[in-house]
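Note: the block below is target_27.txt and it holds compact mmCIF, C-alpha atoms and all ligand atoms.
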```txt
# COMPACT_ATOMS: atom_id res chain seq x y z
CA MET A 1 13.38 -15.93 -12.66
CA ASP A 2 12.04 -19.34 -11.72
CA SER A 3 15.54 -20.70 -11.61
CA MET A 4 16.64 -18.07 -9.09
CA PHE A 5 14.88 -19.64 -6.13
CA ARG A 6 13.21 -22.92 -5.37
CA THR A 7 9.44 -23.13 -5.03
CA LEU A 8 6.96 -25.70 -3.76
CA ASP A 9 7.26 -27.29 -7.22
CA ASN A 10 10.74 -28.53 -6.24
CA LEU A 11 9.75 -30.09 -2.92
CA GLU A 12 9.15 -33.71 -3.84
CA ALA A 13 12.12 -33.91 -6.21
CA ASP A 14 14.35 -32.65 -3.37
CA LEU A 15 12.81 -34.36 -0.36
CA GLY A 16 10.68 -37.22 -1.66
CA ASP A 17 7.29 -37.91 -0.20
CA LEU A 18 6.20 -35.12 2.19
CA ILE A 19 3.89 -37.24 4.35
CA GLY A 20 4.66 -36.51 7.99
CA LYS A 21 7.55 -34.17 7.15
CA VAL A 22 7.67 -31.00 9.24
CA SER A 23 7.53 -27.70 7.34
CA LEU A 24 8.46 -24.46 9.07
CA VAL A 25 6.52 -21.86 7.14
CA ARG A 26 7.15 -18.13 7.66
CA VAL A 27 3.94 -16.23 6.96
CA ASP A 28 2.60 -12.74 7.63
CA LEU A 29 0.14 -12.87 10.53
CA ASN A 30 0.76 -9.28 11.59
CA LEU A 31 -2.97 -8.73 11.25
CA PRO A 32 -5.05 -5.65 11.95
CA MET A 33 -6.93 -6.37 15.21
CA HIS A 34 -9.60 -4.55 17.18
CA ASP A 35 -10.80 -5.71 20.62
CA GLY A 36 -9.09 -9.07 20.14
CA GLU A 37 -10.76 -9.68 16.75
CA VAL A 38 -9.01 -9.82 13.39
CA THR A 39 -10.55 -7.01 11.29
CA ASP A 40 -8.96 -7.88 7.93
CA ALA A 41 -7.90 -11.41 6.96
CA THR A 42 -6.19 -10.43 3.68
CA ARG A 43 -2.79 -11.63 4.92
CA ILE A 44 -4.18 -15.00 6.01
CA ARG A 45 -5.83 -15.41 2.61
CA ALA A 46 -2.48 -14.65 0.99
CA ALA A 47 -0.81 -17.47 2.95
CA ALA A 48 -3.66 -19.97 2.54
CA PRO A 49 -2.60 -21.48 -0.83
CA THR A 50 0.84 -22.40 0.56
CA ILE A 51 -0.58 -23.76 3.82
CA LEU A 52 -3.20 -25.85 2.06
CA GLU A 53 -0.81 -27.13 -0.60
CA LEU A 54 1.66 -28.35 2.02
CA ALA A 55 -1.11 -29.82 4.16
CA GLY A 56 -2.58 -31.47 1.08
CA LYS A 57 0.74 -33.19 0.44
CA GLY A 58 0.70 -34.56 3.98
CA ALA A 59 3.30 -32.29 5.57
CA LYS A 60 2.85 -31.09 9.15
CA VAL A 61 2.58 -27.32 8.74
CA LEU A 62 4.08 -25.15 11.49
CA LEU A 63 3.44 -21.46 10.92
CA LEU A 64 5.97 -18.91 12.11
CA ALA A 65 5.09 -15.23 12.28
CA HIS A 66 5.59 -12.06 14.25
CA PHE A 67 2.89 -9.84 15.65
CA GLY A 68 3.43 -6.25 16.78
CA ARG A 69 6.59 -5.08 18.49
CA PRO A 70 6.99 -6.98 21.78
CA LYS A 71 10.76 -6.29 21.67
CA GLY A 72 11.95 -9.70 22.82
CA ASP A 73 9.56 -10.28 25.73
CA ARG A 74 6.36 -12.25 26.12
CA SER A 75 3.31 -10.00 26.02
CA SER A 76 -0.20 -11.34 26.59
CA THR A 77 -1.65 -8.70 24.27
CA MET A 78 0.57 -9.81 21.39
CA SER A 79 0.20 -13.58 21.54
CA LEU A 80 -0.55 -15.28 18.23
CA SER A 81 -3.09 -17.41 20.10
CA MET A 82 -5.46 -14.54 19.24
CA VAL A 83 -5.39 -15.28 15.50
CA ILE A 84 -6.14 -19.02 15.62
CA GLY A 85 -9.88 -18.61 15.01
CA ALA A 86 -9.29 -16.31 12.04
CA VAL A 87 -6.76 -18.71 10.49
CA GLU A 88 -9.16 -21.63 10.97
CA ALA A 89 -11.95 -19.64 9.30
CA VAL A 90 -9.83 -18.89 6.23
CA ILE A 91 -8.24 -22.31 5.70
CA GLY A 92 -11.27 -24.33 6.80
CA LYS A 93 -9.22 -26.60 9.08
CA GLU A 94 -8.62 -26.91 12.77
CA VAL A 95 -5.41 -25.15 13.84
CA MET A 96 -3.33 -25.98 16.92
CA PHE A 97 -1.64 -23.22 18.92
CA VAL A 98 1.84 -23.89 20.31
CA PRO A 99 3.06 -21.33 22.88
CA GLU A 100 6.76 -21.73 21.92
CA VAL A 101 8.82 -21.59 18.71
CA ALA A 102 11.55 -24.08 19.62
CA GLY A 103 12.43 -26.86 22.03
CA GLU A 104 10.59 -29.73 23.64
CA VAL A 105 7.11 -28.15 23.63
CA VAL A 106 7.25 -27.80 19.84
CA ALA A 107 8.66 -31.34 19.47
CA GLN A 108 5.75 -32.71 21.54
CA ALA A 109 3.23 -30.76 19.44
CA ILE A 110 4.75 -32.25 16.30
CA GLY A 111 4.26 -35.69 17.85
CA ILE A 112 0.55 -34.97 18.28
CA LEU A 113 0.00 -33.43 14.83
CA ARG A 114 -1.04 -35.81 12.07
CA PRO A 115 0.15 -35.44 8.47
CA GLY A 116 -1.71 -32.47 6.93
CA ASP A 117 -2.35 -30.78 10.30
CA VAL A 118 -1.58 -27.10 10.84
CA ALA A 119 -0.21 -25.31 13.92
CA VAL A 120 0.62 -21.68 14.66
CA LEU A 121 3.71 -21.19 16.84
CA GLU A 122 4.00 -18.26 19.24
CA ASN A 123 4.98 -14.74 18.15
CA THR A 124 8.61 -15.02 17.02
CA ARG A 125 9.40 -11.55 18.38
CA PHE A 126 8.82 -12.75 21.97
CA TRP A 127 12.45 -13.87 21.67
CA LYS A 128 15.30 -11.40 21.22
CA GLY A 129 17.01 -13.85 18.88
CA GLU A 130 14.41 -13.16 16.19
CA GLU A 131 15.24 -9.56 15.37
CA ALA A 132 18.92 -10.09 16.26
CA ASN A 133 18.98 -12.94 13.71
CA ASP A 134 20.78 -14.99 16.37
CA PRO A 135 22.15 -18.18 14.74
CA GLU A 136 21.59 -20.17 17.96
CA PHE A 137 17.93 -19.14 18.04
CA ALA A 138 17.52 -20.04 14.36
CA LYS A 139 19.23 -23.42 14.98
CA ALA A 140 16.86 -24.19 17.85
CA ILE A 141 13.85 -23.52 15.61
CA ALA A 142 15.36 -25.41 12.66
CA ALA A 143 16.00 -28.46 14.88
CA ASN A 144 12.29 -29.31 14.81
CA GLY A 145 11.80 -28.93 11.06
CA ASP A 146 12.61 -30.83 7.86
CA PHE A 147 12.34 -27.84 5.52
CA TYR A 148 11.65 -24.12 5.47
CA VAL A 149 9.18 -22.17 3.37
CA ASN A 150 9.16 -18.38 3.30
CA ASP A 151 5.78 -17.00 2.23
CA ALA A 152 6.13 -13.57 3.84
CA PHE A 153 7.44 -11.13 1.22
CA SER A 154 6.23 -8.30 3.46
CA ALA A 155 8.89 -9.27 6.04
CA ALA A 156 11.63 -10.03 3.51
CA HIS A 157 13.32 -6.64 3.93
CA ARG A 158 14.26 -7.69 7.46
CA ALA A 159 17.15 -10.06 8.13
CA HIS A 160 15.59 -11.82 11.11
CA ALA A 161 15.97 -15.42 12.29
CA THR A 162 12.70 -16.63 10.76
CA THR A 163 12.87 -14.43 7.63
CA GLU A 164 16.53 -15.02 6.77
CA GLY A 165 18.45 -17.16 9.26
CA LEU A 166 16.40 -20.33 8.79
CA ALA A 167 17.03 -20.30 5.04
CA HIS A 168 20.69 -21.09 5.73
CA LEU A 169 19.90 -24.07 7.94
CA LEU A 170 17.22 -26.07 6.12
CA PRO A 171 16.25 -26.79 2.51
CA SER A 172 14.44 -23.55 1.61
CA TYR A 173 11.58 -22.69 -0.69
CA ALA A 174 9.52 -19.67 -1.67
CA GLY A 175 5.85 -20.14 -0.85
CA ARG A 176 3.18 -19.40 -3.46
CA SER A 177 2.52 -15.86 -2.27
CA MET A 178 6.25 -15.03 -2.14
CA GLN A 179 6.67 -16.59 -5.58
CA ALA A 180 3.78 -14.58 -7.07
CA GLU A 181 5.17 -11.37 -5.58
CA LEU A 182 8.70 -11.98 -6.87
CA GLU A 183 7.49 -12.93 -10.32
CA ALA A 184 5.27 -9.84 -10.53
CA LEU A 185 8.04 -7.54 -9.32
CA ASP A 186 10.47 -9.07 -11.77
CA LYS A 187 8.03 -8.40 -14.62
CA ALA A 188 7.64 -4.81 -13.47
CA LEU A 189 11.22 -3.73 -12.91
CA GLY A 190 13.64 -6.66 -13.05
CA ASN A 191 12.95 -7.76 -16.58
CA PRO A 192 10.15 -5.54 -17.83
CA GLU A 193 8.62 -5.17 -21.25
CA LYS A 194 9.51 -1.67 -22.44
CA PRO A 195 8.67 1.16 -22.44
CA VAL A 196 8.24 1.28 -18.67
CA ALA A 197 6.40 4.00 -16.75
CA ALA A 198 6.58 4.63 -13.03
CA ILE A 199 4.05 6.72 -11.14
CA VAL A 200 5.40 8.07 -7.88
CA GLY A 201 3.15 10.12 -5.69
CA GLY A 202 2.34 10.57 -2.05
CA ALA A 203 3.13 13.26 0.43
CA LYS A 204 6.85 13.90 0.50
CA VAL A 205 9.92 13.65 -1.73
CA SER A 206 12.12 13.09 1.32
CA SER A 207 10.41 9.76 2.10
CA LYS A 208 10.99 8.45 -1.43
CA LEU A 209 14.32 9.95 -2.50
CA ASP A 210 15.97 6.57 -3.00
CA VAL A 211 12.98 5.34 -4.98
CA LEU A 212 13.21 8.33 -7.34
CA LYS A 213 16.97 7.98 -7.73
CA HIS A 214 16.67 4.31 -8.60
CA LEU A 215 13.71 4.74 -10.96
CA VAL A 216 15.17 7.45 -13.17
CA ALA A 217 17.82 4.96 -14.28
CA GLN A 218 15.29 2.14 -14.81
CA VAL A 219 12.20 3.60 -16.45
CA ASP A 220 11.34 5.51 -19.62
CA HIS A 221 8.64 7.70 -18.06
CA LEU A 222 8.61 8.96 -14.49
CA ILE A 223 5.23 10.46 -13.56
CA ILE A 224 5.34 12.55 -10.42
CA GLY A 225 2.19 13.48 -8.57
CA GLY A 226 0.93 14.10 -5.06
CA GLY A 227 2.67 16.41 -2.63
CA MET A 228 6.02 15.45 -4.08
CA ALA A 229 5.12 17.07 -7.40
CA ASN A 230 4.89 20.39 -5.53
CA THR A 231 8.51 20.08 -4.47
CA PHE A 232 9.55 19.41 -8.07
CA ILE A 233 7.45 22.32 -9.37
CA ALA A 234 8.83 24.68 -6.73
CA ALA A 235 12.38 23.59 -7.58
CA LYS A 236 11.72 24.93 -11.09
CA GLY A 237 11.04 28.34 -9.57
CA VAL A 238 7.23 28.17 -9.75
CA ASP A 239 5.28 29.55 -6.77
CA VAL A 240 3.23 26.75 -5.16
CA GLY A 241 1.55 28.99 -2.55
CA LYS A 242 0.69 27.19 0.70
CA SER A 243 1.10 23.69 -0.82
CA LEU A 244 2.83 20.92 1.05
CA CYS A 245 6.35 21.40 -0.27
CA GLU A 246 9.94 20.69 0.77
CA HIS A 247 11.73 23.85 -0.34
CA ASP A 248 15.03 22.67 1.12
CA LEU A 249 15.16 19.82 -1.42
CA THR A 250 15.63 22.02 -4.50
CA GLY A 251 19.21 20.83 -4.98
CA THR A 252 18.25 17.17 -4.65
CA VAL A 253 15.36 17.56 -7.08
CA ASN A 254 17.64 19.16 -9.64
CA GLU A 255 20.07 16.25 -9.27
CA ILE A 256 17.24 13.79 -9.88
CA LEU A 257 16.11 15.75 -12.95
CA ALA A 258 19.68 15.81 -14.30
CA ALA A 259 20.06 12.06 -13.71
CA ALA A 260 16.76 11.47 -15.51
CA GLU A 261 17.85 13.51 -18.48
CA ALA A 262 21.17 11.69 -18.66
CA ALA A 263 19.36 8.33 -18.58
CA GLY A 264 16.78 9.31 -21.20
CA CYS A 265 13.91 9.17 -18.70
CA THR A 266 11.06 11.62 -19.35
CA VAL A 267 9.84 13.21 -16.12
CA HIS A 268 6.17 14.22 -16.19
CA LEU A 269 5.00 16.98 -13.87
CA PRO A 270 1.41 18.24 -13.83
CA TYR A 271 0.73 21.46 -15.76
CA ASP A 272 -2.76 21.91 -14.40
CA VAL A 273 -3.63 21.35 -10.76
CA VAL A 274 -6.60 21.36 -8.39
CA VAL A 275 -6.22 23.97 -5.63
CA ALA A 276 -8.10 25.23 -2.59
CA LYS A 277 -7.56 27.75 0.19
CA GLU A 278 -8.56 25.28 2.88
CA PHE A 279 -8.02 21.55 3.12
CA ALA A 280 -11.58 20.22 3.49
CA ALA A 281 -14.06 18.17 1.48
CA ASN A 282 -15.46 20.15 -1.49
CA PRO A 283 -14.29 23.54 -0.16
CA PRO A 284 -15.88 26.71 -1.63
CA SER A 285 -12.46 27.92 -2.81
CA LEU A 286 -11.93 24.82 -4.97
CA ARG A 287 -10.68 25.53 -8.48
CA THR A 288 -8.54 24.06 -11.24
CA CYS A 289 -5.77 26.18 -12.73
CA ASN A 290 -2.52 26.13 -14.62
CA VAL A 291 0.38 25.28 -12.36
CA HIS A 292 1.78 28.80 -12.90
CA GLU A 293 -1.41 30.43 -11.54
CA VAL A 294 -1.49 29.13 -7.97
CA ALA A 295 -2.20 32.03 -5.60
CA ALA A 296 -0.13 32.67 -2.49
CA ASP A 297 -2.99 31.52 -0.22
CA GLU A 298 -3.81 28.34 -2.19
CA MET A 299 -2.70 24.72 -1.85
CA ILE A 300 -2.23 22.20 -4.64
CA LEU A 301 -4.21 19.13 -3.57
CA ASP A 302 -4.54 17.13 -6.77
CA VAL A 303 -3.29 16.83 -10.33
CA GLY A 304 -5.61 18.50 -12.88
CA PRO A 305 -7.75 16.81 -15.54
CA GLN A 306 -5.68 17.96 -18.53
CA ALA A 307 -2.55 16.52 -17.00
CA VAL A 308 -4.39 13.27 -16.31
CA GLU A 309 -5.41 13.08 -19.96
CA ALA A 310 -1.82 13.63 -21.09
CA LEU A 311 -0.56 11.04 -18.60
CA GLY A 312 -3.14 8.59 -19.89
CA ASP A 313 -1.77 9.14 -23.41
CA ALA A 314 1.75 8.49 -22.13
CA LEU A 315 0.59 5.25 -20.48
CA LYS A 316 -0.92 4.13 -23.80
CA THR A 317 2.59 4.08 -25.26
CA CYS A 318 3.94 1.96 -22.39
CA ARG A 319 3.95 -1.79 -21.81
CA THR A 320 4.71 -1.79 -18.09
CA LEU A 321 3.62 0.40 -15.18
CA VAL A 322 4.82 0.39 -11.61
CA TRP A 323 2.90 2.67 -9.25
CA ASN A 324 3.52 3.88 -5.71
CA GLY A 325 1.83 6.87 -4.15
CA PRO A 326 -1.49 8.63 -4.83
CA MET A 327 -1.64 11.65 -7.19
CA GLY A 328 -3.48 13.80 -4.67
CA ALA A 329 -4.90 14.00 -1.15
CA PHE A 330 -7.24 11.17 -2.17
CA GLU A 331 -8.80 10.64 1.27
CA THR A 332 -10.73 13.91 0.87
CA GLU A 333 -13.17 14.59 -1.98
CA PRO A 334 -12.71 15.66 -4.71
CA PHE A 335 -8.92 15.35 -4.41
CA ASP A 336 -9.13 11.66 -5.32
CA ALA A 337 -10.13 12.51 -8.89
CA ALA A 338 -6.73 12.27 -10.59
CA THR A 339 -5.75 9.09 -8.74
CA VAL A 340 -9.07 7.45 -9.58
CA ALA A 341 -9.01 8.56 -13.24
CA LEU A 342 -5.43 7.41 -13.78
CA ALA A 343 -6.14 4.13 -12.00
CA ARG A 344 -9.09 3.50 -14.33
CA ILE A 345 -6.95 4.25 -17.40
CA ALA A 346 -4.25 1.85 -16.17
CA ALA A 347 -6.87 -0.80 -15.40
CA ALA A 348 -8.46 -0.45 -18.85
CA LEU A 349 -5.07 -0.76 -20.60
CA THR A 350 -4.32 -3.81 -18.46
CA LYS A 351 -7.64 -5.35 -19.45
CA GLU A 352 -6.90 -4.69 -23.13
CA GLY A 353 -3.64 -6.55 -22.64
CA THR A 354 -1.29 -3.71 -23.59
CA LEU A 355 -0.05 -2.90 -20.08
CA ILE A 356 1.39 -4.90 -17.18
CA SER A 357 0.42 -2.91 -14.09
CA VAL A 358 1.97 -3.42 -10.67
CA ALA A 359 1.16 -1.23 -7.68
CA GLY A 360 2.08 -1.18 -4.01
CA GLY A 361 2.07 0.94 -0.87
CA GLY A 362 -0.49 1.20 1.91
CA ASP A 363 -2.25 4.35 0.69
CA THR A 364 -1.84 3.44 -2.97
CA VAL A 365 -3.61 0.11 -2.50
CA ALA A 366 -6.36 1.84 -0.51
CA ALA A 367 -6.76 4.39 -3.32
CA LEU A 368 -6.99 1.66 -5.98
CA HIS A 369 -9.67 -0.09 -3.96
CA GLN A 370 -11.46 3.26 -3.66
CA ALA A 371 -11.28 3.55 -7.47
CA GLY A 372 -12.77 0.06 -7.71
CA VAL A 373 -9.98 -1.24 -9.95
CA ALA A 374 -7.61 -3.05 -7.59
CA ASP A 375 -8.66 -6.44 -8.99
CA GLU A 376 -7.98 -5.29 -12.55
CA PHE A 377 -4.32 -4.50 -12.01
CA SER A 378 -1.86 -7.24 -12.98
CA TYR A 379 -0.53 -7.34 -9.44
CA ILE A 380 -1.10 -5.44 -6.21
CA SER A 381 1.56 -5.73 -3.55
CA THR A 382 0.32 -5.45 0.01
CA ALA A 383 3.87 -5.37 1.39
CA GLY A 384 4.48 -1.75 2.37
CA GLY A 385 8.11 -1.49 3.51
CA ALA A 386 9.39 -4.42 1.47
CA PHE A 387 7.73 -3.08 -1.69
CA LEU A 388 9.34 0.34 -1.25
CA GLU A 389 12.78 -1.15 -0.58
CA TRP A 390 12.38 -3.20 -3.71
CA MET A 391 11.47 0.00 -5.62
CA GLU A 392 14.70 1.45 -4.29
CA GLY A 393 16.54 -1.36 -6.05
CA ARG A 394 17.73 -2.90 -2.80
CA GLU A 395 18.37 -6.58 -2.31
CA LEU A 396 15.93 -7.93 0.28
CA PRO A 397 17.72 -10.24 2.74
CA GLY A 398 14.81 -12.68 2.99
CA VAL A 399 14.75 -13.03 -0.80
CA ALA A 400 18.53 -13.19 -1.17
CA ALA A 401 18.69 -16.05 1.34
CA LEU A 402 16.21 -18.04 -0.77
CA SER A 403 18.10 -17.36 -3.99
CA LYS A 404 21.34 -19.15 -3.21
P1 LIG B 1 1.88 4.95 0.08
O1 LIG B 1 1.32 4.61 1.46
O2 LIG B 1 1.06 4.34 -1.01
O3 LIG B 1 3.35 4.66 -0.05
P2 LIG B 1 2.29 7.72 0.81
O4 LIG B 1 2.09 7.36 2.24
O5 LIG B 1 3.65 8.07 0.36
O6 LIG B 1 1.70 6.55 -0.12
O7 LIG B 1 1.38 8.98 0.42
C1 LIG B 1 0.00 9.05 0.67
C2 LIG B 1 -0.38 10.37 1.28
O8 LIG B 1 0.00 11.48 0.48
C3 LIG B 1 -1.87 10.46 1.44
O9 LIG B 1 -2.17 10.60 2.80
C4 LIG B 1 -2.26 11.70 0.65
O10 LIG B 1 -3.30 12.45 1.26
C5 LIG B 1 -0.97 12.49 0.63
N1 LIG B 1 -0.94 13.45 -0.47
C6 LIG B 1 -0.99 13.20 -1.78
N2 LIG B 1 -1.00 14.33 -2.50
C7 LIG B 1 -0.97 15.36 -1.63
C8 LIG B 1 -0.97 16.79 -1.75
N3 LIG B 1 -1.00 17.39 -2.94
N4 LIG B 1 -0.93 17.51 -0.60
C9 LIG B 1 -0.91 16.90 0.60
N5 LIG B 1 -0.91 15.57 0.78
C10 LIG B 1 -0.94 14.79 -0.32
MG MG B 2 1.43 5.65 3.33
```

Show me this structure written as structure tokens.
Amino acid sequence: MDSMFRTLDNLEADLGDLIGKVSLVRVDLNLPMHDGEVTDATRIRAAAPTILELAGKGAKVLLLAHFGRPKGDRSSTMSLSMVIGAVEAVIGKEVMFVPEVAGEVVAQAIGILRPGDVAVLENTRFWKGEEANDPEFAKAIAANGDFYVNDAFSAAHRAHATTEGLAHLLPSYAGRSMQAELEALDKALGNPEKPVAAIVGGAKVSSKLDVLKHLVAQVDHLIIGGGMANTFIAAKGVDVGKSLCEHDLTGTVNEILAAAEAAGCTVHLPYDVVVAKEFAANPPSLRTCNVHEVAADEMILDVGPQAVEALGDALKTCRTLVWNGPMGAFETEPFDAATVALARIAAALTKEGTLISVAGGGDTVAALHQAGVADEFSYISTAGGAFLEWMEGRELPGVAALSK
């Protein structure tokens, strides 16, 4: 894996001393904001090791990032000037803001920056050339830099000028966060220790069809939970009552099951479930039953405890786990029970050293935090779209451009 792309470890051998050299570093600063304040600095913390390592080696560090969807026009509400204070707080250094991404203004800023200084350039999506991956736009940005570092895995599924184009114009390197993500993902699905289990949950089969199709050919155990399990159960002719279910996908589900069987992948569906007549916290109609006993006016809202125990036993036989999607409607109590219990089993096996556990997806990561075990997983990906595309087995343009 290490040989597939260059990392910060290769910098000095390639470029010599970095003092005063200009690094163009693509990071993820698409931060959650409220009333002009950054409400969660996780993404800045993810980029900090790369920023500080480059600054520590004396490079001038120019950060490139997008924020929101300004669609190629300047927008005062989407300027990256808003994140300067938050970046300074995380990296513990003064940060300059430059209201352009290319041209003379950037060149002048570089003249003012000392070795080891950090600047944030303006929102790359203020220019149409970013999302169009316009080679002229990329060339104008590259003209001010000596080398390019991509540390934004979360944007790597987009072929944009600063996520892909720049890699063709300058010596290119994966930043530390990108490197950690790629190494973790490679361990989970690229080159995993077998047997491999995948847990796929969440609301709908239709949103994860390509994930399921890819996984059945890659993993030994496919564990299906969440709303998507209902669609699988219904496809087998079992009545799922009022449950969230995509009845029109019966044919597709049967194809997936046939592909799994042909590939020797065991598909696990819950045989007991938690149901209720109304979707509310701790509803009076709450009960646990066999999957064949769901009444016409009931909804399946979580996987049952017996199924969780059996799934835990299956995980004990596995060496690798990749997880996307909660097992139930985890935002509402007690329908988080299966997700939390399974997360704790996976965390315990990881701690014992028998399981490599990788998880990703917005709601999945939230659920693992809710279970209090996010830190105990081998790796948690915070890249929503890019993580799912990777689970679909797709080549990510931002990664491919680094791997030449
Ligand atoms: P991720 O963001 O991790 O990719 P998804 O967005 O695909 O996950 O799925 C999460 C959503 O699925 C949650 O909002 C959860 O409430 C919902 N969900 C899970 N199980 C069920 C169920 N049985 N019925 C209805 N919704 C469910
Ligand atoms: Mg989601």

So the first atom is CA of Val267 (chain A) and the second is CA of Val322 (chain A); what is the distance between them in Å, to one decimal place?
14.5 Å

Restricting the calculation to all atoms listed in the file, which member of A:Ala307, A:Ala259, A:Ile199, A:Cys289 is positioned closest to ligand LIG 1 (chain B)?
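Looking only at the distances to ligand LIG 1 (chain B), the closest residue turns out to be A:Ile199.
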
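The closest residue to ligand LIG 1 (chain B), picked from A:Ser285, A:Gly264, A:Asp210, A:Gly202 and counting only C-alpha atoms and all ligand atoms, is A:Gly202.
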
Please give me, as a compact mmCIF listing (two decimals) with C-alpha atoms, keeping the file's coordinate frame, the residues lying within 10 Å of ligand MG 2 (chain B) when counting only C-alpha atoms and all ligand atoms.
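File produced: part.txt:
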```txt
# COMPACT_ATOMS: atom_id res chain seq x y z
CA GLY A 202 2.34 10.57 -2.05
CA ALA A 203 3.13 13.26 0.43
CA SER A 207 10.41 9.76 2.10
CA ASN A 324 3.52 3.88 -5.71
CA GLY A 325 1.83 6.87 -4.15
CA PRO A 326 -1.49 8.63 -4.83
CA GLY A 361 2.07 0.94 -0.87
CA GLY A 362 -0.49 1.20 1.91
CA ASP A 363 -2.25 4.35 0.69
CA THR A 364 -1.84 3.44 -2.97
CA VAL A 365 -3.61 0.11 -2.50
CA ALA A 366 -6.36 1.84 -0.51
CA GLY A 384 4.48 -1.75 2.37
CA GLY A 385 8.11 -1.49 3.51
```

Return as a short mmCIF file (atom, residue, chain, number, x, y, z; two decimals) with C-alpha atoms, in the coordinates of the input the residues of protein, DNA or RNA that approach ligand LIG 1 (chain B) to within 9 Å, with all atoms listed in the file taken into account.
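So out19.cif came out as:
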```
data_model
loop_
_atom_site.label_atom_id
_atom_site.label_comp_id
_atom_site.auth_asym_id
_atom_site.auth_seq_id
_atom_site.Cartn_x
_atom_site.Cartn_y
_atom_site.Cartn_z
CA VAL A 200 5.40 8.07 -7.88
CA GLY A 201 3.15 10.12 -5.69
CA GLY A 202 2.34 10.57 -2.05
CA ALA A 203 3.13 13.26 0.43
CA LYS A 204 6.85 13.90 0.50
CA VAL A 205 9.92 13.65 -1.73
CA SER A 207 10.41 9.76 2.10
CA LYS A 208 10.99 8.45 -1.43
CA GLY A 225 2.19 13.48 -8.57
CA GLY A 226 0.93 14.10 -5.06
CA GLY A 227 2.67 16.41 -2.63
CA MET A 228 6.02 15.45 -4.08
CA ALA A 229 5.12 17.07 -7.40
CA ASN A 230 4.89 20.39 -5.53
CA SER A 243 1.10 23.69 -0.82
CA LEU A 244 2.83 20.92 1.05
CA CYS A 245 6.35 21.40 -0.27
CA VAL A 274 -6.60 21.36 -8.39
CA VAL A 275 -6.22 23.97 -5.63
CA PHE A 279 -8.02 21.55 3.12
CA MET A 299 -2.70 24.72 -1.85
CA ILE A 300 -2.23 22.20 -4.64
CA LEU A 301 -4.21 19.13 -3.57
CA ASP A 302 -4.54 17.13 -6.77
CA VAL A 303 -3.29 16.83 -10.33
CA TRP A 323 2.90 2.67 -9.25
CA ASN A 324 3.52 3.88 -5.71
CA GLY A 325 1.83 6.87 -4.15
CA PRO A 326 -1.49 8.63 -4.83
CA MET A 327 -1.64 11.65 -7.19
CA GLY A 328 -3.48 13.80 -4.67
CA ALA A 329 -4.90 14.00 -1.15
CA PHE A 330 -7.24 11.17 -2.17
CA GLU A 331 -8.80 10.64 1.27
CA THR A 332 -10.73 13.91 0.87
CA PHE A 335 -8.92 15.35 -4.41
CA ASP A 336 -9.13 11.66 -5.32
CA ALA A 359 1.16 -1.23 -7.68
CA GLY A 360 2.08 -1.18 -4.01
CA GLY A 361 2.07 0.94 -0.87
CA GLY A 362 -0.49 1.20 1.91
CA ASP A 363 -2.25 4.35 0.69
CA THR A 364 -1.84 3.44 -2.97
CA VAL A 365 -3.61 0.11 -2.50
CA ALA A 366 -6.36 1.84 -0.51
CA ALA A 367 -6.76 4.39 -3.32
CA GLY A 384 4.48 -1.75 2.37
CA GLY A 385 8.11 -1.49 3.51
CA LEU A 388 9.34 0.34 -1.25
#
```

Could you make a table, as a Markdown table, of the residues of region 166-272 of chain A that have an atom within 12 Å of an atom of region 16-40 of chain A, each with its nearest atom pair and distance in Å to one decimal, counting all atoms listed in the file, in chain and number order?
```
| residue | atom | partner | partner_atom | distance |
| --- | --- | --- | --- | --- |
| A:Leu166 | CA | A:Leu24 | CA | 9.0 |
| A:Ala167 | CA | A:Leu24 | CA | 10.3 |
| A:Leu169 | CA | A:Leu24 | CA | 11.5 |
| A:Leu170 | CA | A:Leu24 | CA | 9.4 |
| A:Pro171 | CA | A:Ser23 | CA | 10.0 |
| A:Ser172 | CA | A:Leu24 | CA | 9.6 |
| A:Tyr173 | CA | A:Val25 | CA | 9.4 |
| A:Ala174 | CA | A:Val25 | CA | 9.6 |
| A:Gly175 | CA | A:Val25 | CA | 8.2 |
| A:Arg176 | CA | A:Val27 | CA | 10.9 |
| A:Ser177 | CA | A:Val27 | CA | 9.3 |
| A:Met178 | CA | A:Val27 | CA | 9.5 |
```

Determine, counting all atoms listed in the file, every residue of protein, DNA or RNA that lies within 10 Å of (-1.5, 0.5, -25.2) in the file coordinates, then give the result as an MDAnalysis selection string.
chainID A and resid 312:320 346 348:350 352:355

Which residue out of A:Ala374, A:Ala276, A:Leu64, A:Ala138 has the minimum interatomic distance to Asp297 (chain A) when only C-alpha atoms are used?
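Selected residue with least distance to Asp297 (chain A): A:Ala276.
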
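CA of Gln370 (chain A) is positioned 13.2 Å from CA of Ala347 (chain A).
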